[in-house]
Amino acid sequence: MQAKTKDIAKFVNGELVGSGEVLIKGINGVNEAREGDLAFVLNPQRPELINSTKASCVVVPRNLKGDFDKPIIKVDNPSIAFSRIIDFAMPGRIPHPKGVHASAVIAKDALIGKNVGIGPYVVVESGASIGDNTAIYSFCYIGKNTNIGRGCIIYPNVTIREEVTIGNGVIVHPGSVIGSDGFGYDIQKDGTQVKIPQLGTVVIEDDVEIGSCVTIDRARFNKTVIGHGSKIDNLVQIAHNVIIGKDCVIAGQSGISGSSELGRNCILGGQVGVSDHVKIGNFVMAGAKTGIHKSYPDKTVLFGYPSKPIDKAREQIASLGLLPKLFERVRALEAKIKELEK
Amino acid sequence: MQAKTKDIAKFVNGELVGSGEVLIKGINGVNEAREGDLAFVLNPQRPELINSTKASCVVVPRNLKGDFDKPIIKVDNPSIAFSRIIDFAMPGRIPHPKGVHASAVIAKDALIGKNVGIGPYVVVESGASIGDNTAIYSFCYIGKNTNIGRGCIIYPNVTIREEVTIGNGVIVHPGSVIGSDGFGYDIQKDGTQVKIPQLGTVVIEDDVEIGSCVTIDRARFNKTVIGHGSKIDNLVQIAHNVIIGKDCVIAGQSGISGSSELGRNCILGGQVGVSDHVKIGNFVMAGAKTGIHKSYPDKTVLFGYPSKPIDKAREQIASLGLLPKLFERVRALEAKIKELEK
Amino acid sequence: MQAKTKDIAKFVNGELVGSGEVLIKGINGVNEAREGDLAFVLNPQRPELINSTKASCVVVPRNLKGDFDKPIIKVDNPSIAFSRIIDFAMPGRIPHPKGVHASAVIAKDALIGKNVGIGPYVVVESGASIGDNTAIYSFCYIGKNTNIGRGCIIYPNVTIREEVTIGNGVIVHPGSVIGSDGFGYDIQKDGTQVKIPQLGTVVIEDDVEIGSCVTIDRARFNKTVIGHGSKIDNLVQIAHNVIIGKDCVIAGQSGISGSSELGRNCILGGQVGVSDHVKIGNFVMAGAKTGIHKSYPDKTVLFGYPSKPIDKAREQIASLGLLPKLFERVRALEAKIKELEK
């Protein structure tokens with residue numbers, strides 16, 4: 001990368017404050033940056049980072065005030081500007097497969113779009129379709145009649161079983177599994193389990209991102225759904241018939257049990273568990289390791305095991321800390337009463 | 001699918017109540033069903049579902065009573081009838097690999113049974129054996145001297161290391177790992193860890209089902225065992241030398257630490273943890289997220305972190321909810337005593 | 001294996017007490033051993049195991065005292081002696097790939113060291129390097145410019161993305177993912193998430209062992225680091241920019257959130273969670289399922305959710321057990337006060 005600050009400002013439709021002649025050679029974090037780097041401050045409440053960073057220019061939110069010791073570029077949305085500059089300055093930064101490798105085993109009736117990249121050792125089964133500009137890495141299995149949209153990235157070692165639908169712009173990180181059987185058995189009188197066939201499927205809507213080693217089971221009937229724009233971190237478990245709304249964020253190692261629903265814009269911290277058949281409203285947040293055992297309305301903020309609204313959880317945690325002293329206080333009261341009774 | 005209700009009743013040895021001439025075109029859940037569908041009610045305590053479903057015929061338990069607005073078929077075991085009808089009406093529903101794909105790398109001395117399906121890009125090492133009617137999907141690795149029984153399904157991207165034994169009728173979902181080294185080190189005086197060789201193996205007994213991205217470690221000596229008919233959900237961790245009894249059900253993201261034992265017919269909820277070297281009896285149940293740190297006898301029902309019998313856990317949870325009020329009550333007592341002391 | 005006790009003693013520089021003419025035919029655990037086996041007692045506090053085992057000879061720590069009914073071999077470090085004898089008696093015990101299989105797709109400019117084993121269906125991208133004596137199993141993907149050191153073992157179905165650095169003597173078990181994107185989004189006013197590019201990488205230092213289905217994300221900038229000699233169990237999540245010190249041990253299903261740091265020689269039990277941006281000192285230990293939400297200094301021993309020092313955690317657990325009785329005691333006090341007030 002080699003660009004002057006004035007050219008970068010122009011590229012992102014930004015307002016340059018300070019010299020336009022500074023030469024930028026790289027992009028880095030505010031803490032990691034060195035001279036010649038461009039950095040970004042996404043949070044307008046941290047202007048002090050601009051003077052402390054060693055970067056030679058900083059992209060900041062439009063409404064950020066103050067005087068700084070280096071050129072800044074004000075933009076409406078620094079995170080979008082960041083992505084645009086990265087794409088511009090580091091084209092092909094992630095070396096996705098290009099073209100269809102000769103070793104890929106692709107069924108004759110599979111539909112492969114334009115500009116699709118398929119790496120070595122990929123299997124695409126009969127009736128599957130891959131949309132334009134999608135990249136599929138090595139050791140991915142795309143099952144029969146599964147449809148993958150446009151502009152998706154499917155990283156190595158991903159399994160997507162039959163009859164699954166993946167929207168446009170979806171990213172699936174390595175090792176994930178989509179469309180495996182739901183975990184359903186009917187217990188017999190003799191204690192053995194009879195497997196319940198899982199006839200449904202999975203629908204991943206547009207712009208969803210799925211982390212590494214995530215497991216998303218197909219529905220018993222109907223479908224398991226990951227809503228538009230939702231982001232799922234590594235090692236998350238999504239059971240059969242779960243419905244996740246739009247724009248949810250689910251952190252690592254969380255699990256959602258069968259037939260539960262999350263509304264839109266919910267945020268689950270790491271290692272959260274959601275019981276089966278519960279219904280979580282919109283804009284609900286749950287702290288790390290929360291065990292959600294029942295339904296909650298919109299905008300609830302949860303913590304604890306079992307889950308409770310955060311204020312109640314905090315009160316309980318504080319009470320617990322004072323509990324040993326409470327025992328002492330009760331002992332003191334008992335002694336005093338004994339004396340008074342005499 | 002195209003069948004009359006009388007023919008379906010005959011096929012499952014069921015008792016038809018109502019018209020035998022209704023044409024069935026599909027199978028669906030009671031909630032999802034539309035006209036022309038066959039549905040199933042497994043639970044005799046929910047007869048109201050039969051009138052509310054849009055299905056045109058419902059298969060029900062033999063002992064279910066009542067009058068219904070549509071034909072019903074009474075059978076001894078609706079879940080088994082369900083599976084049989086699915087198999088009959090949707091033959092080849094899951095498109096398992098058929099034949100041995102030319103790209104599979106199979107050692108010359110590996111034994112491949114009759115009617116085995118091996119997909120593209122499978123590796124079967126020397127001395128391994130695959131039983132009749134087993135299907136192995138793409139990107140599976142079957143290690144040296146590993147034996148897989150008859151009628152198994154091994155989904156894509158599964159790794160089964162050397163010297164492992166898999167019984168008959170076992171299903172392993174994508175991305176799972178069987179036979180990786182147990183996690184054992186000997187800490188030296190300088191704080192470094194020396195790896196303890198893991199010389200044992202893993203035995204998966206008949207009719208076990210293993211979810212996606214499950215990890216089952218080989219024993220240090222001897223063997224890690226998953227007992228006959230047990231069902232293991234996604235992302236479960238089974239450490240070295242663990243012994244799981246018959247017909248256990250272990251829900252997603254649970255983990256069982258080294259050398260612990262579960263008896264038969266145990267049920268663990270999601271995200272349960274079991275410490276190392278504990279012994280859990282038969283028919284033990286543990287609620288989601290329970291942290292089992294010690295041994296428990298047969299039929300204990302557990303909850304909480306640390307684990308306790310469910311009654312005690314409930315009592316504690318209730319007490320905790322009342323704790324802030326208890327503080328107030330003690331404060332009131334202290335004030336009264338002060339007055340009395342005057 | 002066929003060796004006399006005197007020869008084994010010589011091989012490990014050990015002091016033989018008892019007959020040197022006993023023939024050893026196998027190696028086994030103290031509990032599993034049969035006549036003719038060699039066993040090991042690593043813990044000098046368990047001398048009783050030597051008489052109770054059926055093994056014909058036991059390797060023990062140098063300082064172990066007592067008379068025993070069978071020959072023993074005293075060594076400075078039984079765990080290292082154990083590994084050495086295993087390597088000697090069972091050469092090629094684990095059948096790693098040898099040579100480079102013709103089906104491997106290796107970029108022309110990738111550097112492959114001496115005596116490297118690459119199994120069938122491995123992909124090594126442009127600019128990658130594989131050090132001497134390293135073995136890479138089937139279905140592994142080694143990304144562009146990724147460097148893997150000497151003497152490593154990469155088991156099947158592992159994905160290592162571009163620009164990652166793996167040191168010498170590293171073991172990665174099946175299904176693990178190294179270098180996937182960190183989980184970072186910038187939430188927009190309309191509730192949608194914009195992906196933050198993850199420009200950094202991952203460095204795995206020498207002698208690290210990584211379990212099965214472990215996920216280690218690349219840094220946003222800079223690097224995620226797993227320190228020298230650290231051991232990571234199955235299904236662990238390491239988020240972007242995490243720094244793990246030397247010789248840490250992290251048990252199964254634990255997760256460490258973004259930008260957190262662990263010092264050296266930390267031990268985390270199973271299913272532990274560490275919040276983002278916290279700093280854990282050296283020699284810190286955390287019991288299973290601990291939820292670490294803040295920073296802690298060196299040598300803290302932690303337990304509980306939320307985490308607290310173990311003494312405090314034990315006190316709280318004990319108090320909780322007595323809580324129902326405390327309610328009774330307060331009720332009794334209230335009754336007595338009422339009487340006194342009359």
# chains A, B, ... in the order shown; residues from 1 in each chain; ligands from 1
call {"tool": "closest_atom_pairs", "arguments": {"of": "chain C", "to": "chain B", "cutoff": "8 Å", "atoms": "only C-alpha atoms", "output": "JSON lines"}}
result
{"residue": "C:Asn28", "atom": "CA", "partner": "B:Phe221", "partner_atom": "CA", "distance": 6.3}
{"residue": "C:Gly29", "atom": "CA", "partner": "B:Phe221", "partner_atom": "CA", "distance": 5.9}
{"residue": "C:Glu32", "atom": "CA", "partner": "B:Asn222", "partner_atom": "CA", "distance": 6.9}
{"residue": "C:Ser79", "atom": "CA", "partner": "B:Asp186", "partner_atom": "CA", "distance": 6.5}
{"residue": "C:Ile80", "atom": "CA", "partner": "B:Val194", "partner_atom": "CA", "distance": 7.0}
{"residue": "C:Phe82", "atom": "CA", "partner": "B:Ile196", "partner_atom": "CA", "distance": 7.9}
{"residue": "C:Ser83", "atom": "CA", "partner": "B:Pro197", "partner_atom": "CA", "distance": 6.4}
{"residue": "C:Ile86", "atom": "CA", "partner": "B:Pro197", "partner_atom": "CA", "distance": 7.7}
{"residue": "C:Ile94", "atom": "CA", "partner": "B:Glu162", "partner_atom": "CA", "distance": 7.6}
{"residue": "C:Pro95", "atom": "CA", "partner": "B:Lys144", "partner_atom": "CA", "distance": 7.3}
{"residue": "C:Pro120", "atom": "CA", "partner": "B:Val105", "partner_atom": "CA", "distance": 7.4}
{"residue": "C:Tyr121", "atom": "CA", "partner": "B:Tyr121", "partner_atom": "CA", "distance": 7.3}
{"residue": "C:Ser138", "atom": "CA", "partner": "B:Tyr141", "partner_atom": "CA", "distance": 7.1}
{"residue": "C:Phe139", "atom": "CA", "partner": "B:Phe139", "partner_atom": "CA", "distance": 6.4}
{"residue": "C:Pro156", "atom": "CA", "partner": "B:Thr159", "partner_atom": "CA", "distance": 6.4}
{"residue": "C:Asn157", "atom": "CA", "partner": "B:Asn157", "partner_atom": "CA", "distance": 6.5}
{"residue": "C:His173", "atom": "CA", "partner": "B:Ser180", "partner_atom": "CA", "distance": 6.6}
{"residue": "C:Pro174", "atom": "CA", "partner": "B:Val177", "partner_atom": "CA", "distance": 6.4}
{"residue": "C:Gly175", "atom": "CA", "partner": "B:Gly175", "partner_atom": "CA", "distance": 6.5}
{"residue": "C:Gly211", "atom": "CA", "partner": "B:Phe183", "partner_atom": "CA", "distance": 7.9}
{"residue": "C:Ser212", "atom": "CA", "partner": "B:Thr215", "partner_atom": "CA", "distance": 6.4}
{"residue": "C:Cys213", "atom": "CA", "partner": "B:Cys213", "partner_atom": "CA", "distance": 6.7}
{"residue": "C:Gly229", "atom": "CA", "partner": "B:Thr192", "partner_atom": "CA", "distance": 6.8}
{"residue": "C:Ser230", "atom": "CA", "partner": "B:Gln193", "partner_atom": "CA", "distance": 8.0}
{"residue": "C:Asp233", "atom": "CA", "partner": "B:Phe183", "partner_atom": "CA", "distance": 6.3}
{"residue": "C:Asn234", "atom": "CA", "partner": "B:Thr215", "partner_atom": "CA", "distance": 6.8}
{"residue": "C:Leu235", "atom": "CA", "partner": "B:Gln237", "partner_atom": "CA", "distance": 7.3}
{"residue": "C:Asp247", "atom": "CA", "partner": "B:Thr192", "partner_atom": "CA", "distance": 5.7}
{"residue": "C:Gly252", "atom": "CA", "partner": "B:Gln237", "partner_atom": "CA", "distance": 7.1}
{"residue": "C:Gln253", "atom": "CA", "partner": "B:Gly255", "partner_atom": "CA", "distance": 7.4}
{"residue": "C:Asn265", "atom": "CA", "partner": "B:Gly191", "partner_atom": "CA", "distance": 6.7}
{"residue": "C:Gly270", "atom": "CA", "partner": "B:Gly273", "partner_atom": "CA", "distance": 7.5}
{"residue": "C:Gln271", "atom": "CA", "partner": "B:Gly273", "partner_atom": "CA", "distance": 7.3}
{"residue": "C:Ala288", "atom": "CA", "partner": "B:Ser275", "partner_atom": "CA", "distance": 7.8}
{"residue": "C:Lys289", "atom": "CA", "partner": "B:Gly291", "partner_atom": "CA", "distance": 7.2}
{"residue": "C:Leu320", "atom": "CA", "partner": "B:Gln316", "partner_atom": "CA", "distance": 6.7}
{"residue": "C:Gly321", "atom": "CA", "partner": "B:Gln316", "partner_atom": "CA", "distance": 7.3}
{"residue": "C:Leu323", "atom": "CA", "partner": "B:Ser319", "partner_atom": "CA", "distance": 6.8}
{"residue": "C:Pro324", "atom": "CA", "partner": "B:Ser319", "partner_atom": "CA", "distance": 6.5}
{"residue": "C:Phe327", "atom": "CA", "partner": "B:Leu326", "partner_atom": "CA", "distance": 7.4}
{"residue": "C:Val330", "atom": "CA", "partner": "B:Val330", "partner_atom": "CA", "distance": 7.2}
{"residue": "C:Leu333", "atom": "CA", "partner": "B:Leu333", "partner_atom": "CA", "distance": 7.8}
{"residue": "C:Glu334", "atom": "CA", "partner": "B:Leu333", "partner_atom": "CA", "distance": 6.9}
{"residue": "C:Ile337", "atom": "CA", "partner": "B:Ile337", "partner_atom": "CA", "distance": 7.6}
{"residue": "C:Glu341", "atom": "CA", "partner": "B:Leu340", "partner_atom": "CA", "distance": 7.4}
call {"tool": "residues_around", "arguments": {"residues": "Glu261 (chain A)", "least_positions_apart": "3", "cutoff": "10 Å", "atoms": "only C-alpha atoms", "output": "PDB file with C-alpha atoms, in the first residue's frame"}}
result
ATOM      1  CA  THR A 224     -34.229 -24.573  11.512  1.00  0.00           C
ATOM      2  CA  VAL A 225     -33.637 -20.898  10.645  1.00  0.00           C
ATOM      3  CA  ASN A 241     -36.229 -26.379  14.845  1.00  0.00           C
ATOM      4  CA  VAL A 242     -34.529 -23.408  16.464  1.00  0.00           C
ATOM      5  CA  ILE A 243     -35.482 -20.043  14.967  1.00  0.00           C
ATOM      6  CA  ILE A 244     -32.937 -17.234  15.298  1.00  0.00           C
ATOM      7  CA  GLY A 245     -34.158 -13.760  14.312  1.00  0.00           C
ATOM      8  CA  ILE A 256     -29.712 -23.292  21.892  1.00  0.00           C
ATOM      9  CA  SER A 257     -31.894 -26.319  22.499  1.00  0.00           C
ATOM     10  CA  GLY A 258     -34.595 -27.737  20.281  1.00  0.00           C
ATOM     11  CA  ARG A 264     -34.128 -10.103  16.504  1.00  0.00           C
ATOM     12  CA  VAL A 274     -30.995 -21.822  26.190  1.00  0.00           C
ATOM     13  CA  ASP A 276     -35.754 -26.186  24.626  1.00  0.00           C
ATOM     14  CA  HIS A 277     -39.141 -24.732  23.662  1.00  0.00           C
ATOM     15  CA  VAL A 278     -38.528 -21.267  25.122  1.00  0.00           C
ATOM     16  CA  LYS A 279     -39.232 -17.997  23.353  1.00  0.00           C
ATOM     17  CA  ILE A 280     -36.862 -15.095  23.764  1.00  0.00           C
ATOM     18  CA  GLY A 281     -38.062 -11.657  22.596  1.00  0.00           C
ATOM     19  CA  SER A 295     -39.169 -17.427  27.996  1.00  0.00           C
TER      20      SER A 295
END
call {"tool": "residues_around", "arguments": {"residues": "Lys70 (chain C)", "least_positions_apart": "2", "cutoff": "9 Å", "atoms": "only C-alpha atoms", "output": "PyMOL selection string"}}
result
chain C and resi 17-19+50-51+55-58+67-68+72
call {"tool": "write_last_selection", "arguments": {"atoms": "N, CA and C atoms", "output": "mmCIF file, in the first residue's frame"}}
result
data_model
loop_
_atom_site.group_PDB
_atom_site.id
_atom_site.type_symbol
_atom_site.label_atom_id
_atom_site.label_comp_id
_atom_site.auth_asym_id
_atom_site.auth_seq_id
_atom_site.Cartn_x
_atom_site.Cartn_y
_atom_site.Cartn_z
ATOM 1 N N VAL C 17 15.956 -53.040 41.700
ATOM 2 C CA VAL C 17 15.878 -53.700 43.003
ATOM 3 C C VAL C 17 15.074 -54.980 42.789
ATOM 4 N N GLY C 18 15.713 -56.132 42.955
ATOM 5 C CA GLY C 18 15.039 -57.405 42.681
ATOM 6 C C GLY C 18 15.637 -58.066 41.451
ATOM 7 N N SER C 19 14.971 -59.126 41.002
ATOM 8 C CA SER C 19 15.512 -59.947 39.925
ATOM 9 C C SER C 19 15.628 -59.206 38.597
ATOM 10 N N ILE C 50 2.275 -50.861 44.037
ATOM 11 C CA ILE C 50 3.315 -51.764 43.523
ATOM 12 C C ILE C 50 3.031 -53.210 43.908
ATOM 13 N N ASN C 51 2.581 -53.409 45.116
ATOM 14 C CA ASN C 51 2.232 -54.782 45.508
ATOM 15 C C ASN C 51 0.891 -55.223 44.932
ATOM 16 N N ALA C 55 1.327 -56.510 37.463
ATOM 17 C CA ALA C 55 2.516 -56.360 36.604
ATOM 18 C C ALA C 55 3.689 -57.129 37.203
ATOM 19 N N SER C 56 4.635 -57.502 36.370
ATOM 20 C CA SER C 56 5.798 -58.268 36.838
ATOM 21 C C SER C 56 6.969 -57.383 37.224
ATOM 22 N N CYS C 57 6.898 -56.124 36.916
ATOM 23 C CA CYS C 57 7.959 -55.177 37.269
ATOM 24 C C CYS C 57 7.355 -53.780 37.203
ATOM 25 N N VAL C 58 7.787 -52.914 38.117
ATOM 26 C CA VAL C 58 7.224 -51.559 38.149
ATOM 27 C C VAL C 58 8.358 -50.529 38.139
ATOM 28 N N ASP C 67 9.713 -52.208 50.813
ATOM 29 C CA ASP C 67 10.012 -53.521 50.248
ATOM 30 C C ASP C 67 8.817 -53.975 49.423
ATOM 31 N N PHE C 68 9.102 -54.586 48.314
ATOM 32 C CA PHE C 68 8.021 -54.960 47.410
ATOM 33 C C PHE C 68 8.174 -56.399 46.961
ATOM 34 N N ILE C 72 11.548 -53.816 41.100
ATOM 35 C CA ILE C 72 11.224 -52.432 40.727
ATOM 36 C C ILE C 72 12.458 -51.781 40.111
#
call {"tool": "atom_distance", "arguments": {"atom1": "CA of Ala33 (chain C)", "atom2": "CA of Lys231 (chain C)"}}
result
28.0 Å
call {"tool": "atom_distance", "arguments": {"atom1": "CA of Arg93 (chain B)", "atom2": "CA of Ala135 (chain A)"}}
result
28.3 Å
call {"tool": "atom_distance", "arguments": {"atom1": "CA of Val59 (chain A)", "atom2": "CA of Val75 (chain A)"}}
result
7.1 Å
call {"tool": "residues_around", "arguments": {"residues": "Ile250 (chain A)", "least_positions_apart": "2", "cutoff": "6 Å", "atoms": "only C-alpha atoms", "output": "PDB file with N, CA and C atoms, in the first residue's frame"}}
result
ATOM      1  N   ILE A 232     -22.716 -15.896  14.281  1.00  0.00           N
ATOM      2  CA  ILE A 232     -22.586 -17.003  15.225  1.00  0.00           C
ATOM      3  C   ILE A 232     -21.116 -17.340  15.384  1.00  0.00           C
ATOM      4  N   ILE A 267     -28.370 -10.631  21.852  1.00  0.00           N
ATOM      5  CA  ILE A 267     -26.932 -10.846  22.025  1.00  0.00           C
ATOM      6  C   ILE A 267     -26.729 -11.840  23.162  1.00  0.00           C
ATOM      7  N   LEU A 268     -26.117 -12.978  22.834  1.00  0.00           N
ATOM      8  CA  LEU A 268     -25.800 -13.959  23.876  1.00  0.00           C
ATOM      9  C   LEU A 268     -24.285 -13.970  24.084  1.00  0.00           C
TER      10      LEU A 268
END
call {"tool": "closest_residue", "arguments": {"among": "A:Gly14, A:Gly20, A:Pro78, A:Gly287", "to": "Asn43 (chain A)", "atoms": "only C-alpha atoms"}}
result
A:Pro78
call {"tool": "select_by_dssp", "arguments": {"residues": "region 34-202 of chain B", "states": "strand (DSSP E)", "output": "PyMOL selection string"}}
result
chain B and resi 37-40+57-61+72-75+105-106+111-112+117-118+123-124+129-130+135-136+141-142+147-148+153-154+159-160+165-166+171-172+177-180+185-187+193-195+201-202
call {"tool": "residues_around", "arguments": {"residues": "Val100 (chain B)", "least_positions_apart": "6", "cutoff": "7 Å", "atoms": "only C-alpha atoms", "output": "list of chain:residue names"}}
result
B:Gly117, B:Ile118, B:Gly119
call {"tool": "write_last_selection", "arguments": {"atoms": "N, CA and C atoms", "output": "tab-separated table (two decimals), in the first residue's frame"}}
result
chain	number	residue	atom	x	y	z
B	117	GLY	N	-21.01	-48.53	0.94
B	117	GLY	CA	-20.93	-47.31	0.14
B	117	GLY	C	-19.78	-46.45	0.65
B	118	ILE	N	-18.87	-46.11	-0.23
B	118	ILE	CA	-17.76	-45.24	0.16
B	118	ILE	C	-17.70	-44.10	-0.83
B	119	GLY	N	-17.87	-42.87	-0.34
B	119	GLY	CA	-17.93	-41.69	-1.20
B	119	GLY	C	-16.57	-41.29	-1.72
call {"tool": "residues_around", "arguments": {"residues": "Thr5 (chain C)", "least_positions_apart": "5", "cutoff": "7 Å", "atoms": "only C-alpha atoms", "output": "PyMOL selection string"}}
result
chain C and resi 20-24
